[in-house]
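Remarks on the structure that follows.
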Amino acid sequence: MNIDLDHLSSADTYFAMTQAIIPRPIAWVLSENDAGDYNLAPFSYFNAVCSDPPLIMISLGKKPDGTPKDTRVNIEARRAFVVHIAGVDQINQLNASSATLPAGESEITHLGLELADFPGSRLPRLAGSRLAMACELYEVMELGPVPQALIFGRLTHLYIDDGVAEWDPKGRLKIHAERLNPLGRLGAREYFAGGEVITLARPA
């Protein structure tokens, strides 16, 4: 099978890409609404892009009505946001947070999720998450006719549950992926749950 993307609609291209580029990490993003409560939404067009400065990127489309997603509006207005790496045990909560709610309505309240203080961050984190990243808006770029928004965030602080990370004998951080058990994204309605961790030495 050989597919020429120039002959696919944007919707069909999206459908193909999200099944071909797998598994993808999921950014479960908490941002602050106008009223001071919190929005929560997952995005799987997400990755690290730079370590100096420490930057991550989240790609957002628009709502079905063509307006910007609340996450973008909140981040541009208040700059701070928190990215969580959800565990497999949080799949139902994460999936439920992808529902479109009226603007300003909090998924945290709607789903009954608990928050916890995040030292170094102006915003809280999800109490049930084992890894969270405090971010400040670095830059927003727009691509394509929609347009798609690329939000670059500068990481300022990490929260890592003590049960999934430690310092190795060389003083470097070691996060145990099998303990974190992160949830990944596949295509359509599919998610990726765990898998074997393979460790190989880097060739000389």
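To be explicit about the labels: the chains of the structure tokens are called A, B, and onward in the order shown, and within each one the residues are counted from 1, while ligands get numbers from 1 in the order they are shown.
By only C-alpha atoms, and with residues fewer than 2 positions from Leu115 of chain A along its chain excluded, the set lying at most 9 Å from it is Ile108, Leu113, Asp117, Pro124, Arg125, Leu126, Ala127 and Gly128 of chain A.
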Could those residues be written to a file, using C-alpha atoms, as a PDB file, in the first residue's frame?
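Here's the written file part_0.pdb:
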```
ATOM      1  CA  ILE A 108     -11.439  19.241  37.346  1.00  0.00           C
ATOM      2  CA  LEU A 113     -10.412  15.292  40.432  1.00  0.00           C
ATOM      3  CA  ASP A 117       0.327  22.040  45.591  1.00  0.00           C
ATOM      4  CA  PRO A 124      -1.397  23.151  41.197  1.00  0.00           C
ATOM      5  CA  ARG A 125      -0.949  19.655  39.770  1.00  0.00           C
ATOM      6  CA  LEU A 126      -3.255  16.661  39.662  1.00  0.00           C
ATOM      7  CA  ALA A 127      -2.877  14.827  42.946  1.00  0.00           C
ATOM      8  CA  GLY A 128      -3.109  11.412  41.281  1.00  0.00           C
TER       9      GLY A 128
END
```
Quiz item: Skipping near chain neighbours, those fewer than 4 positions away, what residues fall within 7 Å of Phe192 of chain A using only C-alpha atoms, listed as an MDAnalysis selection string?
Solution: chainID A and resid 23 183:186
So that I have them on file, write out the residues from the current selection with C-alpha atoms, as an mmCIF file, in the first residue's frame.
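Saved as again-v1.cif:
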```cif
data_model
loop_
_atom_site.group_PDB
_atom_site.id
_atom_site.type_symbol
_atom_site.label_atom_id
_atom_site.label_comp_id
_atom_site.auth_asym_id
_atom_site.auth_seq_id
_atom_site.Cartn_x
_atom_site.Cartn_y
_atom_site.Cartn_z
ATOM 1 C CA PRO A 23 2.887 5.371 20.127
ATOM 2 C CA LEU A 183 -0.280 5.884 28.877
ATOM 3 C CA GLY A 184 0.403 6.320 25.148
ATOM 4 C CA ARG A 185 -1.804 7.299 22.230
ATOM 5 C CA LEU A 186 -2.448 5.316 19.078
#
```
Quiz item: Looking only at the backbone, which of the residues in segment 143-182 of chain A does DSSP tag as helix (DSSP H, G or I), as a list in words?
Solution: Asp162, Gly163, Val164, Ala177, Glu178, Arg179 and Leu180 of chain A
Can you write just those residues out, N, CA and C atoms, as a short mmCIF file (atom, residue, chain, number, x, y, z; two decimals), in the first residue's frame?
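The resulting file, out13.cif, is reproduced below:
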```cif
data_model
loop_
_atom_site.label_atom_id
_atom_site.label_comp_id
_atom_site.auth_asym_id
_atom_site.auth_seq_id
_atom_site.Cartn_x
_atom_site.Cartn_y
_atom_site.Cartn_z
N ASP A 162 8.22 9.86 44.35
CA ASP A 162 9.43 9.20 44.83
C ASP A 162 9.46 7.71 44.48
N GLY A 163 8.29 7.12 44.29
CA GLY A 163 8.24 5.70 43.99
C GLY A 163 8.65 5.33 42.58
N VAL A 164 8.77 6.32 41.69
CA VAL A 164 9.10 6.01 40.29
C VAL A 164 10.46 6.57 39.86
N ALA A 177 10.55 3.82 33.90
CA ALA A 177 9.38 3.84 33.03
C ALA A 177 8.37 2.77 33.40
N GLU A 178 8.86 1.60 33.81
CA GLU A 178 7.93 0.53 34.14
C GLU A 178 7.13 0.83 35.39
N ARG A 179 7.67 1.65 36.28
CA ARG A 179 6.92 2.05 37.48
C ARG A 179 5.96 3.19 37.16
N LEU A 180 6.39 4.09 36.31
CA LEU A 180 5.51 5.19 35.88
C LEU A 180 4.34 4.64 35.07
#
```
Exercise. Identify which of the residues A:Arg172, A:Arg78, A:His84, A:Lys62 lies closest to Ile26 of chain A, counting only C-alpha atoms when measuring atom-to-atom distances.
Key: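 That would be A:His84, the residue with the smallest distance to Ile26 of chain A.
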Quiz item: If you count only C-alpha atoms, which residues fall within 9 Å of Gln148 of chain A, apart from same-chain ones fewer than 5 positions away, as JSON, numbers by chain?
Solution: {"A": [59, 60, 61, 62, 141, 142, 143]}
Pull N, CA and C atoms from the residues just selected and write them as a tab-separated table (two decimals), in the first residue's frame.
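Writing the result to result-v6.tsv gives the following:
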```tsv
chain	number	residue	atom	x	y	z
A	59	SER	N	0.78	20.73	20.12
A	59	SER	CA	0.11	21.21	18.91
A	59	SER	C	-1.40	21.11	19.11
A	60	LEU	N	-2.09	22.23	18.89
A	60	LEU	CA	-3.53	22.30	19.11
A	60	LEU	C	-4.24	22.75	17.85
A	61	GLY	N	-5.34	22.10	17.53
A	61	GLY	CA	-6.22	22.57	16.48
A	61	GLY	C	-7.24	23.53	17.07
A	62	LYS	N	-8.43	23.52	16.51
A	62	LYS	CA	-9.50	24.39	17.02
A	62	LYS	C	-10.71	23.56	17.41
A	141	MET	N	3.39	29.52	17.69
A	141	MET	CA	3.50	29.62	16.24
A	141	MET	C	2.21	29.06	15.63
A	142	GLU	N	1.88	29.51	14.44
A	142	GLU	CA	0.72	29.00	13.72
A	142	GLU	C	1.16	28.43	12.38
A	143	LEU	N	0.61	27.26	12.04
A	143	LEU	CA	0.95	26.59	10.79
A	143	LEU	C	-0.32	26.15	10.07
```
